[in-house]
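This is query36.tsv. It holds TSV, C-alpha atoms and all ligand atoms.
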chain	number	residue	atom	x	y	z
A	1	MET	CA	161.83	154.86	77.02
A	2	ALA	CA	160.95	158.11	78.77
A	3	GLY	CA	159.11	157.77	82.05
A	4	LEU	CA	155.35	157.52	81.93
A	5	ASP	CA	154.96	156.38	85.53
A	6	GLY	CA	152.82	158.66	87.68
A	7	ARG	CA	151.51	160.78	84.83
A	8	VAL	CA	147.81	161.33	84.12
A	9	ALA	CA	146.29	160.72	80.67
A	10	LEU	CA	142.89	161.70	79.34
A	11	VAL	CA	141.83	159.10	76.77
A	12	THR	CA	138.72	159.92	74.77
A	13	GLY	CA	136.71	157.01	73.46
A	14	GLY	CA	137.98	155.12	76.50
A	15	ALA	CA	134.87	152.96	76.76
A	16	SER	CA	135.59	150.71	73.79
A	17	GLY	CA	137.98	149.34	71.21
A	18	LEU	CA	141.24	151.22	70.82
A	19	GLY	CA	140.44	153.74	73.59
A	20	ARG	CA	139.96	150.95	76.11
A	21	ALA	CA	143.10	149.15	74.91
A	22	THR	CA	145.05	152.41	75.25
A	23	CYS	CA	143.84	152.93	78.83
A	24	VAL	CA	144.89	149.39	79.71
A	25	ALA	CA	148.30	149.76	78.03
A	26	LEU	CA	149.01	153.16	79.59
A	27	ALA	CA	147.97	151.98	83.05
A	28	ALA	CA	150.33	149.02	82.71
A	29	ARG	CA	153.11	151.63	82.42
A	30	GLY	CA	152.04	153.38	85.62
A	31	VAL	CA	149.87	156.08	84.07
A	32	HIS	CA	146.58	157.06	85.75
A	33	ALA	CA	144.20	156.56	82.81
A	34	VAL	CA	141.07	158.68	82.58
A	35	ALA	CA	138.63	156.82	80.33
A	36	ALA	CA	136.43	159.55	78.88
A	37	ASP	CA	133.38	158.70	76.81
A	38	ILE	CA	129.67	159.26	76.28
A	39	ASP	CA	129.29	155.54	77.08
A	40	GLU	CA	129.54	155.65	80.85
A	41	ALA	CA	128.98	151.92	81.40
A	42	GLY	CA	131.72	151.09	78.89
A	43	ALA	CA	134.12	153.53	80.54
A	44	ALA	CA	133.36	151.96	83.94
A	45	GLU	CA	134.15	148.54	82.47
A	46	THR	CA	137.49	149.88	81.21
A	47	VAL	CA	138.29	151.06	84.73
A	48	ARG	CA	137.34	147.67	86.12
A	49	ARG	CA	139.73	145.95	83.68
A	50	VAL	CA	142.58	148.36	84.43
A	51	GLN	CA	142.14	147.93	88.17
A	52	ALA	CA	141.88	144.14	87.85
A	53	ALA	CA	145.32	144.25	86.23
A	54	GLY	CA	146.65	146.34	89.13
A	55	GLY	CA	146.53	149.71	87.35
A	56	SER	CA	145.01	153.07	88.15
A	57	ALA	CA	142.08	154.54	86.23
A	58	GLU	CA	138.85	156.47	86.49
A	59	ALA	CA	135.87	157.00	84.23
A	60	VAL	CA	134.43	160.34	83.23
A	61	ARG	CA	131.54	161.31	81.00
A	62	LEU	CA	132.79	163.45	78.13
A	63	ASP	CA	131.06	164.28	74.89
A	64	VAL	CA	133.94	165.60	72.81
A	65	THR	CA	131.51	167.66	70.72
A	66	ALA	CA	130.26	169.62	73.77
A	67	GLY	CA	132.35	172.65	74.70
A	68	GLU	CA	131.07	172.70	78.27
A	69	ASP	CA	132.09	169.05	78.74
A	70	ARG	CA	135.57	169.71	77.35
A	71	THR	CA	136.06	172.70	79.66
A	72	ALA	CA	134.73	170.91	82.74
A	73	VAL	CA	136.69	167.68	82.28
A	74	VAL	CA	140.00	169.29	81.33
A	75	GLY	CA	139.66	171.99	84.00
A	76	GLY	CA	138.75	169.43	86.65
A	77	LEU	CA	141.79	167.28	85.87
A	78	PHE	CA	144.21	170.24	86.02
A	79	GLU	CA	142.61	171.29	89.32
A	80	ARG	CA	143.16	167.83	90.82
A	81	PHE	CA	146.47	166.83	89.28
A	82	GLY	CA	148.16	170.05	88.16
A	83	ALA	CA	150.79	169.49	85.46
A	84	ARG	CA	150.92	165.76	86.27
A	85	PHE	CA	147.98	165.75	83.87
A	86	ASP	CA	150.13	166.02	80.78
A	87	ILE	CA	148.86	163.46	78.26
A	88	LEU	CA	145.84	163.76	75.96
A	89	VAL	CA	145.00	160.88	73.63
A	90	ASN	CA	142.23	161.67	71.15
A	91	VAL	CA	140.68	158.31	70.28
A	92	ALA	CA	136.90	158.87	70.14
A	93	GLY	CA	135.52	158.53	66.66
A	94	ILE	CA	132.42	157.54	64.72
A	95	ASP	CA	131.66	156.30	61.22
A	96	ARG	CA	128.33	156.94	59.44
A	97	PRO	CA	128.13	155.61	55.88
A	98	GLY	CA	126.44	157.49	53.06
A	99	TYR	CA	126.85	158.10	49.34
A	100	LEU	CA	126.68	161.31	47.32
A	101	THR	CA	123.04	160.64	46.54
A	102	ASP	CA	121.91	159.91	50.06
A	103	VAL	CA	124.45	160.98	52.69
A	104	ASP	CA	122.51	162.39	55.62
A	105	GLU	CA	123.46	165.98	56.40
A	106	ALA	CA	123.04	165.70	60.18
A	107	ALA	CA	125.04	162.47	60.32
A	108	TYR	CA	127.78	164.05	58.19
A	109	ALA	CA	127.99	167.01	60.57
A	110	GLN	CA	128.07	164.72	63.59
A	111	VAL	CA	130.97	162.70	62.16
A	112	PHE	CA	132.96	165.89	61.62
A	113	ALA	CA	132.05	167.06	65.13
A	114	VAL	CA	133.30	163.87	66.80
A	115	ASN	CA	136.26	163.11	64.52
A	116	CYS	CA	137.70	166.59	63.99
A	117	HIS	CA	135.99	169.60	65.57
A	118	GLY	CA	135.75	168.10	69.08
A	119	PRO	CA	139.34	166.83	69.24
A	120	VAL	CA	140.72	170.11	67.85
A	121	PHE	CA	139.07	172.12	70.62
A	122	LEU	CA	139.96	169.51	73.22
A	123	MET	CA	143.59	170.01	72.17
A	124	GLN	CA	143.11	173.74	72.64
A	125	ALA	CA	141.59	173.36	76.12
A	126	PHE	CA	144.33	170.90	77.10
A	127	LEU	CA	147.29	172.96	75.86
A	128	ASN	CA	145.99	176.21	77.34
A	129	GLY	CA	145.32	174.46	80.66
A	130	TYR	CA	148.76	172.87	80.62
A	131	LEU	CA	150.49	176.18	79.92
A	132	GLN	CA	148.82	177.57	83.05
A	133	ALA	CA	149.42	174.50	85.24
A	134	ARG	CA	153.06	173.99	84.27
A	135	THR	CA	155.58	175.07	86.87
A	136	GLY	CA	158.83	173.39	85.77
A	137	ASP	CA	160.62	172.42	82.61
A	138	THR	CA	158.17	169.68	81.64
A	139	GLU	CA	156.44	168.93	78.37
A	140	ALA	CA	153.00	167.61	77.59
A	141	GLU	CA	151.98	165.01	75.01
A	142	ILE	CA	149.07	165.02	72.60
A	143	PHE	CA	148.44	161.91	70.57
A	144	ASN	CA	145.79	161.82	67.84
A	145	VAL	CA	144.23	158.68	66.46
A	146	ILE	CA	143.47	159.45	62.84
A	147	SER	CA	143.00	156.64	60.32
A	148	ILE	CA	144.51	155.39	57.13
A	149	SER	CA	141.17	156.54	55.68
A	150	ALA	CA	142.63	160.06	55.80
A	151	VAL	CA	144.80	159.14	52.81
A	152	THR	CA	142.70	156.53	51.04
A	153	VAL	CA	139.44	156.79	49.14
A	154	GLY	CA	136.43	155.01	50.57
A	155	SER	CA	133.27	154.85	48.51
A	156	GLY	CA	130.30	155.46	50.82
A	157	ALA	CA	132.51	156.98	53.51
A	158	VAL	CA	132.62	160.66	52.62
A	159	ALA	CA	132.00	161.83	56.18
A	160	TYR	CA	134.47	159.50	57.87
A	161	ASN	CA	137.32	159.75	55.36
A	162	SER	CA	137.02	163.52	54.88
A	163	SER	CA	136.81	164.15	58.63
A	164	LYS	CA	139.92	162.04	59.19
A	165	ALA	CA	141.74	163.90	56.39
A	166	ALA	CA	140.77	167.17	58.08
A	167	PHE	CA	141.95	165.87	61.45
A	168	ALA	CA	145.28	164.77	59.93
A	169	LYS	CA	145.72	168.25	58.50
A	170	ALA	CA	144.81	169.89	61.80
A	171	THR	CA	147.35	167.65	63.53
A	172	GLU	CA	150.11	168.67	61.12
A	173	ILE	CA	149.21	172.34	61.45
A	174	PHE	CA	149.35	172.15	65.25
A	175	GLN	CA	152.67	170.27	65.06
A	176	THR	CA	154.02	173.20	63.07
A	177	GLU	CA	152.59	175.76	65.50
A	178	VAL	CA	154.04	173.94	68.50
A	179	ARG	CA	157.49	174.25	66.90
A	180	GLU	CA	156.90	177.85	65.82
A	181	PHE	CA	155.80	179.02	69.27
A	182	SER	CA	158.05	176.61	71.23
A	183	HIS	CA	155.07	175.26	73.14
A	184	PRO	CA	156.08	172.64	75.69
A	185	CYS	CA	154.05	169.96	73.98
A	186	ARG	CA	154.75	167.17	71.51
A	187	ILE	CA	152.01	166.24	69.09
A	188	GLN	CA	151.98	162.86	67.41
A	189	GLY	CA	149.40	160.85	65.53
A	190	ILE	CA	148.72	157.46	64.09
A	191	MET	CA	146.81	156.33	61.03
A	192	PRO	CA	145.77	152.77	61.73
A	193	ALA	CA	144.39	150.37	59.16
A	194	ALA	CA	141.44	148.17	60.09
A	195	MET	CA	141.22	147.06	63.72
A	196	ASP	CA	138.87	144.50	65.16
A	197	THR	CA	136.64	146.79	67.25
A	198	PRO	CA	132.88	147.40	67.59
A	199	MET	CA	133.17	150.21	65.01
A	200	MET	CA	133.98	147.66	62.33
A	201	GLU	CA	131.05	145.33	63.00
A	202	GLN	CA	128.94	147.07	60.34
A	203	TRP	CA	131.46	146.14	57.59
A	204	GLY	CA	131.59	142.35	58.05
A	205	ILE	CA	135.37	142.06	57.61
A	206	PRO	CA	136.92	138.78	58.75
A	207	PRO	CA	138.82	139.33	62.03
A	208	GLU	CA	142.00	137.83	60.56
A	209	ARG	CA	142.21	140.78	58.14
A	210	MET	CA	142.19	143.27	61.00
A	211	MET	CA	144.65	144.26	63.71
A	212	ASP	CA	144.00	143.72	67.37
A	213	PRO	CA	143.48	147.17	68.94
A	214	GLY	CA	146.03	146.14	71.59
A	215	GLU	CA	148.75	146.18	68.91
A	216	VAL	CA	147.94	149.76	68.00
A	217	ALA	CA	147.66	150.75	71.67
A	218	ALA	CA	151.18	149.39	72.18
A	219	GLU	CA	152.40	151.62	69.34
A	220	ILE	CA	150.74	154.63	70.96
A	221	VAL	CA	152.32	153.94	74.34
A	222	HIS	CA	155.69	153.39	72.69
A	223	ALA	CA	155.40	156.71	70.84
A	224	LEU	CA	154.40	158.54	74.02
A	225	GLY	CA	157.34	157.05	75.89
A	226	ARG	CA	160.07	157.62	73.35
A	227	PRO	CA	162.62	160.39	73.70
A	228	ARG	CA	162.10	163.64	71.90
A	229	GLY	CA	164.29	164.49	68.94
A	230	VAL	CA	164.32	165.58	65.35
A	231	LEU	CA	161.65	163.02	64.54
A	232	GLY	CA	159.75	163.78	67.71
A	233	GLN	CA	156.59	164.91	66.01
A	234	ASN	CA	155.30	162.57	63.42
A	235	LEU	CA	152.36	160.75	61.99
A	236	VAL	CA	152.71	156.99	62.15
A	237	PHE	CA	151.14	154.77	59.52
A	238	THR	CA	150.13	151.20	60.20
A	239	PRO	CA	149.16	149.98	56.74
A	240	ARG	CA	150.53	146.51	57.31
A	241	VAL	CA	147.06	144.99	57.27
A	242	GLU	CA	145.43	144.97	53.87
A	243	TYR	CA	143.20	147.96	53.27
A	244	PHE	CA	139.70	146.95	52.31
A	245	PRO	CA	137.89	148.86	49.58
A	246	ARG	CA	134.35	149.88	50.30
A	301	LIG	N1	138.48	150.18	64.03
A	301	LIG	C1	139.19	150.56	62.98
A	301	LIG	O1	139.36	149.81	62.00
A	301	LIG	C2	139.86	151.91	62.94
A	301	LIG	C3	140.86	152.14	61.98
A	301	LIG	C4	141.49	153.38	61.97
A	301	LIG	C5	141.16	154.33	62.89
A	301	LIG	N2	140.18	154.08	63.82
A	301	LIG	C6	139.87	155.12	64.77
A	301	LIG	O2	140.18	154.64	66.07
A	301	LIG	C7	139.39	155.34	67.02
A	301	LIG	C8	138.73	154.34	67.96
A	301	LIG	O3	137.80	153.60	67.21
A	301	LIG	P1	137.40	152.11	67.60
A	301	LIG	O4	137.65	151.29	66.41
A	301	LIG	O5	138.00	151.74	68.90
A	301	LIG	O6	135.81	152.29	67.69
A	301	LIG	P2	134.77	152.02	68.87
A	301	LIG	O7	133.45	152.28	68.25
A	301	LIG	O8	135.04	150.71	69.50
A	301	LIG	O9	135.12	153.16	69.93
A	301	LIG	C9	134.82	154.52	69.72
A	301	LIG	C10	134.46	155.13	71.05
A	301	LIG	O10	134.22	156.54	70.84
A	301	LIG	C11	133.13	156.88	71.67
A	301	LIG	N3	132.47	158.11	71.23
A	301	LIG	C12	131.65	158.28	70.15
A	301	LIG	N4	131.20	159.54	70.12
A	301	LIG	C13	131.76	160.19	71.18
A	301	LIG	C14	131.67	161.52	71.67
A	301	LIG	N5	130.90	162.43	71.07
A	301	LIG	N6	132.38	161.85	72.77
A	301	LIG	C15	133.15	160.91	73.41
A	301	LIG	N7	133.24	159.64	72.99
A	301	LIG	C16	132.57	159.28	71.89
A	301	LIG	C17	132.19	155.69	71.58
A	301	LIG	O11	131.22	155.69	72.62
A	301	LIG	C18	133.18	154.54	71.66
A	301	LIG	O12	133.41	154.16	73.00
A	301	LIG	C19	138.41	156.19	66.21
A	301	LIG	O13	138.88	157.50	66.11
A	301	LIG	C20	138.43	155.51	64.86
A	301	LIG	O14	138.05	156.38	63.83
A	301	LIG	C21	139.53	152.88	63.87

As structure tokens, please, write out the structure in this file.
Ligand SMILES: NC(=O)c1ccc[n+]([C@@H]2O[C@H](COP(=O)([O-])OP(=O)(O)OC[C@H]3O[C@@H](n4cnc5c(N)ncnc54)[C@H](O)[C@@H]3O)[C@@H](O)[C@H]2O)c1
Amino acid sequence: MAGLDGRVALVTGGASGLGRATCVALAARGVHAVAADIDEAGAAETVRRVQAAGGSAEAVRLDVTAGEDRTAVVGGLFERFGARFDILVNVAGIDRPGYLTDVDEAAYAQVFAVNCHGPVFLMQAFLNGYLQARTGDTEAEIFNVISISAVTVGSGAVAYNSSKAAFAKATEIFQTEVREFSHPCRIQGIMPAAMDTPMMEQWGIPPERMMDPGEVAAEIVHALGRPRGVLGQNLVFTPRVEYFPR
């Protein structure tokens, strides 16, 4: 696997669930993990766990929906680390249920802001910053956590499923643009099925029907570490755990 040691990764949603597991897994490979979240206490706990395992991490407050936060956090990391900061993992996400007859407009907009709009413009800030910071022949990595919900239908989940479908499409479009403009950046994504994380508590699914977020984090780290090639930019599906209808 390609070297990850010594690189710096910004992981959104790093305070919980898959984001935390990704920080832990990346740090175990020698990456300095930046756990970015609106939940500052949770992000601090992630750092504590990484450090307890002998890894390197820091916590930062980042609301992915706030342009000023995105600019400040990404700019600050390039200032401190230069092009060593070359990994962005978009994990932060929210789910707000609602049906055609009652879906709340503000909640719908917030889901799109966190699950699609914010990550898209974080990708923009990251790539533009990397293009400026880059001095050698190196390449950056962007990894997007989408969801199998992007390609399935979930009654009562119009905001979540549609926002994930939009994020999947944005990911594919940016993969195409990266090739078209020969940007030094690989973009990959994953569409996990159900994972046993705090997000899923509202659905009452038995844990044995869900994946451990650590399994998905391992897939992410594997994808980030693998050599580039024809299949370098892809979307990975993990539908091995039964999808649950809503
Ligand atoms: N749990 C699942 O079954 C499942 C399945 C497929 C995909 N996903 C996706 O995986 C990702 C991680 O979800 P999880 O299951 O670990 O959920 P989680 O609720 O445990 O973690 C989500 C994290 O995102 C953070 N967050 C929310 N709004 C934010 C904002 N505006 N800015 C920054 N951080 C914010 C939360 O504070 C939380 O720490 C999400 O994108 C989710 O949609 C989850």

Can you list, as a compact mmCIF listing (two decimals) with C-alpha atoms, in the frame of the given file, every protein, DNA or RNA residue that comes within 12 Å of Glu201 (chain A) when you count only C-alpha atoms, leaving out same-chain residues fewer than 5 positions away?
# COMPACT_ATOMS: atom_id res chain seq x y z
CA GLY A 17 137.98 149.34 71.21
CA ASP A 95 131.66 156.30 61.22
CA ALA A 194 141.44 148.17 60.09
CA MET A 195 141.22 147.06 63.72
CA ASP A 196 138.87 144.50 65.16
CA PRO A 206 136.92 138.78 58.75
CA PRO A 207 138.82 139.33 62.03
CA MET A 210 142.19 143.27 61.00

Near Ala217 (chain A), within 7 Å and counting only C-alpha atoms, which residues show up once chain neighbours fewer than 6 positions away are dropped, as a short mmCIF file (atom, residue, chain, number, x, y, z; two decimals) with C-alpha atoms, in the coordinates of the input?
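File produced: around-v4.cif:
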data_model
loop_
_atom_site.label_atom_id
_atom_site.label_comp_id
_atom_site.auth_asym_id
_atom_site.auth_seq_id
_atom_site.Cartn_x
_atom_site.Cartn_y
_atom_site.Cartn_z
CA LEU A 18 141.24 151.22 70.82
CA ALA A 21 143.10 149.15 74.91
CA THR A 22 145.05 152.41 75.25
CA ALA A 25 148.30 149.76 78.03
#

Kindly provide the residues of chain A that approach ligand LIG 301 (chain A) to within 7 Å, each paired with its closest atom pair and their distance in Å to one decimal, based on all atoms listed in the file, listed by chain and increasing number, as a tab-separated table.
residue	atom	partner	partner_atom	distance
A:Thr12	CA	A:LIG301	N7	5.8
A:Gly13	CA	A:LIG301	O10	3.6
A:Gly14	CA	A:LIG301	O12	5.8
A:Ala15	CA	A:LIG301	O12	4.2
A:Ser16	CA	A:LIG301	O12	4.2
A:Gly17	CA	A:LIG301	O5	3.3
A:Leu18	CA	A:LIG301	O5	3.8
A:Gly19	CA	A:LIG301	O5	5.7
A:Ala36	CA	A:LIG301	C15	6.5
A:Asp37	CA	A:LIG301	N7	3.9
A:Ile38	CA	A:LIG301	C15	4.8
A:Asp39	CA	A:LIG301	O11	4.9
A:Gly42	CA	A:LIG301	O12	6.9
A:Leu62	CA	A:LIG301	C15	5.4
A:Asp63	CA	A:LIG301	N6	3.5
A:Val64	CA	A:LIG301	N6	4.1
A:Thr65	CA	A:LIG301	N5	5.3
A:Val91	CA	A:LIG301	C7	4.6
A:Ala92	CA	A:LIG301	O10	3.6
A:Gly93	CA	A:LIG301	O13	3.6
A:Ile94	CA	A:LIG301	C12	5.5
A:Asp95	CA	A:LIG301	O14	6.9
A:Val114	CA	A:LIG301	N5	5.1
A:Asn115	CA	A:LIG301	O13	6.4
A:Val145	CA	A:LIG301	O13	5.5
A:Ile146	CA	A:LIG301	C5	5.6
A:Ser147	CA	A:LIG301	C5	3.9
A:Ile148	CA	A:LIG301	C4	6.0
A:Met191	CA	A:LIG301	C4	6.2
A:Pro192	CA	A:LIG301	C4	4.3
A:Ala193	CA	A:LIG301	C3	4.9
A:Ala194	CA	A:LIG301	O1	3.3
A:Met195	CA	A:LIG301	O1	3.7
A:Asp196	CA	A:LIG301	N1	5.8
A:Thr197	CA	A:LIG301	O4	4.7
A:Pro198	CA	A:LIG301	O8	4.4
A:Met199	CA	A:LIG301	O7	3.9
A:Met200	CA	A:LIG301	N1	5.4

Between A:Trp203, A:Phe112, A:Phe143, A:Phe85, which one has atoms that come closest to Ala223 (chain A), using only C-alpha atoms? A:Phe143

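Between CA of Pro97 (chain A) and CA of Thr152 (chain A) lies a distance of 15.4 Å.
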
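You will find CA of Gln51 (chain A) at 28.2 Å from CA of Ile187 (chain A).
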
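Taking CA of Ala9 (chain A) and CA of Gln188 (chain A) as endpoints, the distance between them is 14.6 Å.
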
Between A:Arg49, A:Arg70, A:Arg84, A:Arg96, single out the one closest to Ala125 (chain A), counting only C-alpha atoms. A:Arg70

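Restricting the calculation to all atoms listed in the file, the smallest distance between Leu224 (chain A) and any of A:Glu180, A:Asp212, A:Glu139, A:Glu68 is found for A:Glu139.
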
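The nearest approach to Arg80 (chain A) among the residues A:Pro213, A:Ser149, A:Glu219, A:Ala133, with all atoms listed in the file taken into account, belongs to A:Ala133.
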
Distance query 8 Å from (154.3, 162.3, 83.0) using all atoms listed in the file, result as a ChimeraX atom specification: /A:3-8,31,84-87,140

Of the candidates A:Gly156, A:Gly214, A:Gly225, A:Gly204, which one gets nearest to Gly98 (chain A) if we count only C-alpha atoms? A:Gly156

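With distances taken over all atoms listed in the file, A:Leu127 is the one residue among A:Ala52, A:Leu127, A:Ala113, A:Ala150 lying closest to Glu177 (chain A).
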
Enclose region 217-222 of chain A, meaning all of its atoms listed in the file, in a box aligned along x, y and z, pad it by 4 Å on each side, and list the centre and edge lengths in Å to one decimal, as JSON.
{"center_x": 151.7, "center_y": 152.0, "center_z": 71.8, "size_x": 16.0, "size_y": 13.2, "size_z": 13.0}
